[in-house]
Every structure is written in C-alpha cells, then in structure tokens.
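Take a look at the structure below.
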Amino acid sequence: MDVSLTPAIERVARVLAGQRISANADGDAESAGRQVDAAWRDHLDDARAVLKTLREPDGAMAKAGDPRVWEAMILAGLDEGSAPTVVL
C-alpha cells in the first residue's frame, strides 16, 4: 500500500478547494492547479470537519478492519493538521 507524503488534512483541503475552483467540478477554472495551491489553506476548517466526521467508522468500515486503529489514524491526521504550515 502506498503512503502519502502529504498530510491527510491537506489532501482533503485541496480536494475541497479543487471542487470549488476547477471546471472539472463545480468551478469554472480550466487549469486550477495554481489557484488550488493558493486556496487550499482556506478550506482547512472544512477538511477538519470531514476528518472529525470520519473518526467513527460505519458498519461496513468496521467489518473491514479494526475500528480502534481507524480512529487512531484519523486522530493522528487531525493532530498533524493542527500544526501550522509555513510557506516561504
């Protein structure tokens, strides 16, 4: 299984930004990469809300693996997202 080098909270925030900006979703930008790079931090609160919702797996998710491990992984993703990212 691949492991992302990008924190989960950032990935979720980027998806949310892209959904609003990109013409491939609900936006109108045909080439949205730079705009997403500039805007994803504006979606961190929404990304946190998504991850908080996912703390508790549903029945199918719980059957597929250990719910305690799942919760620990989501909480770790939330903790990682609480540290501010500094871009120089």
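Here's how to read the names in the structure tokens: chain A, B, ... by the order shown, residue numbers from 1 in each chain, ligand numbers from 1 in the order shown.
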Where does DSSP see alpha helix (DSSP H) in region 5-86 of chain A, if you list the residues as JSON, numbers by chain? {"A": [8, 9, 10, 11, 12, 13, 14, 15, 16, 17, 18, 19, 20, 21, 33, 34, 35, 36, 37, 38, 39, 44, 45, 46, 47, 48, 49, 50, 51, 52, 53, 59, 60, 61, 62, 63, 64, 67, 68, 69, 70, 71, 72, 73, 74, 75, 76, 77, 78, 79, 80, 81, 82]}
Need the shell around region 28-38 of chain A: protein/DNA/RNA residues with any atom at most 10 Å away, counting only C-alpha atoms. Skip same-chain ones fewer than 2 positions apart. Format as a PyMOL selection string? chain A and resi 13-26+40-42
9 Å contact set for Leu75 (chain A), only C-alpha atoms, chain neighbours under 6 positions out, as a ChimeraX atom specification: /A:51-52,55
For CA of Ala76 (chain A) and CA of Ala8 (chain A), determine how far apart the two atoms are, in Å to one decimal place. 9.4 Å
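The coordinates place CA of Gly65 (chain A) at 22.9 Å from CA of Leu5 (chain A).
Distances here use only C-alpha atoms; by that measure, the residue among A:Ala64, A:Leu44, A:Ala72, A:Leu54 closest to Glu10 (chain A) is A:Leu44.
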Which one of A:Ile9, A:Glu80, A:Asp58, A:Asp66 sits closest to Asp46 (chain A) if you count only C-alpha atoms? A:Ile9
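Put simply, CA of Ala60 (chain A) is 24.9 Å away from CA of Pro7 (chain A).
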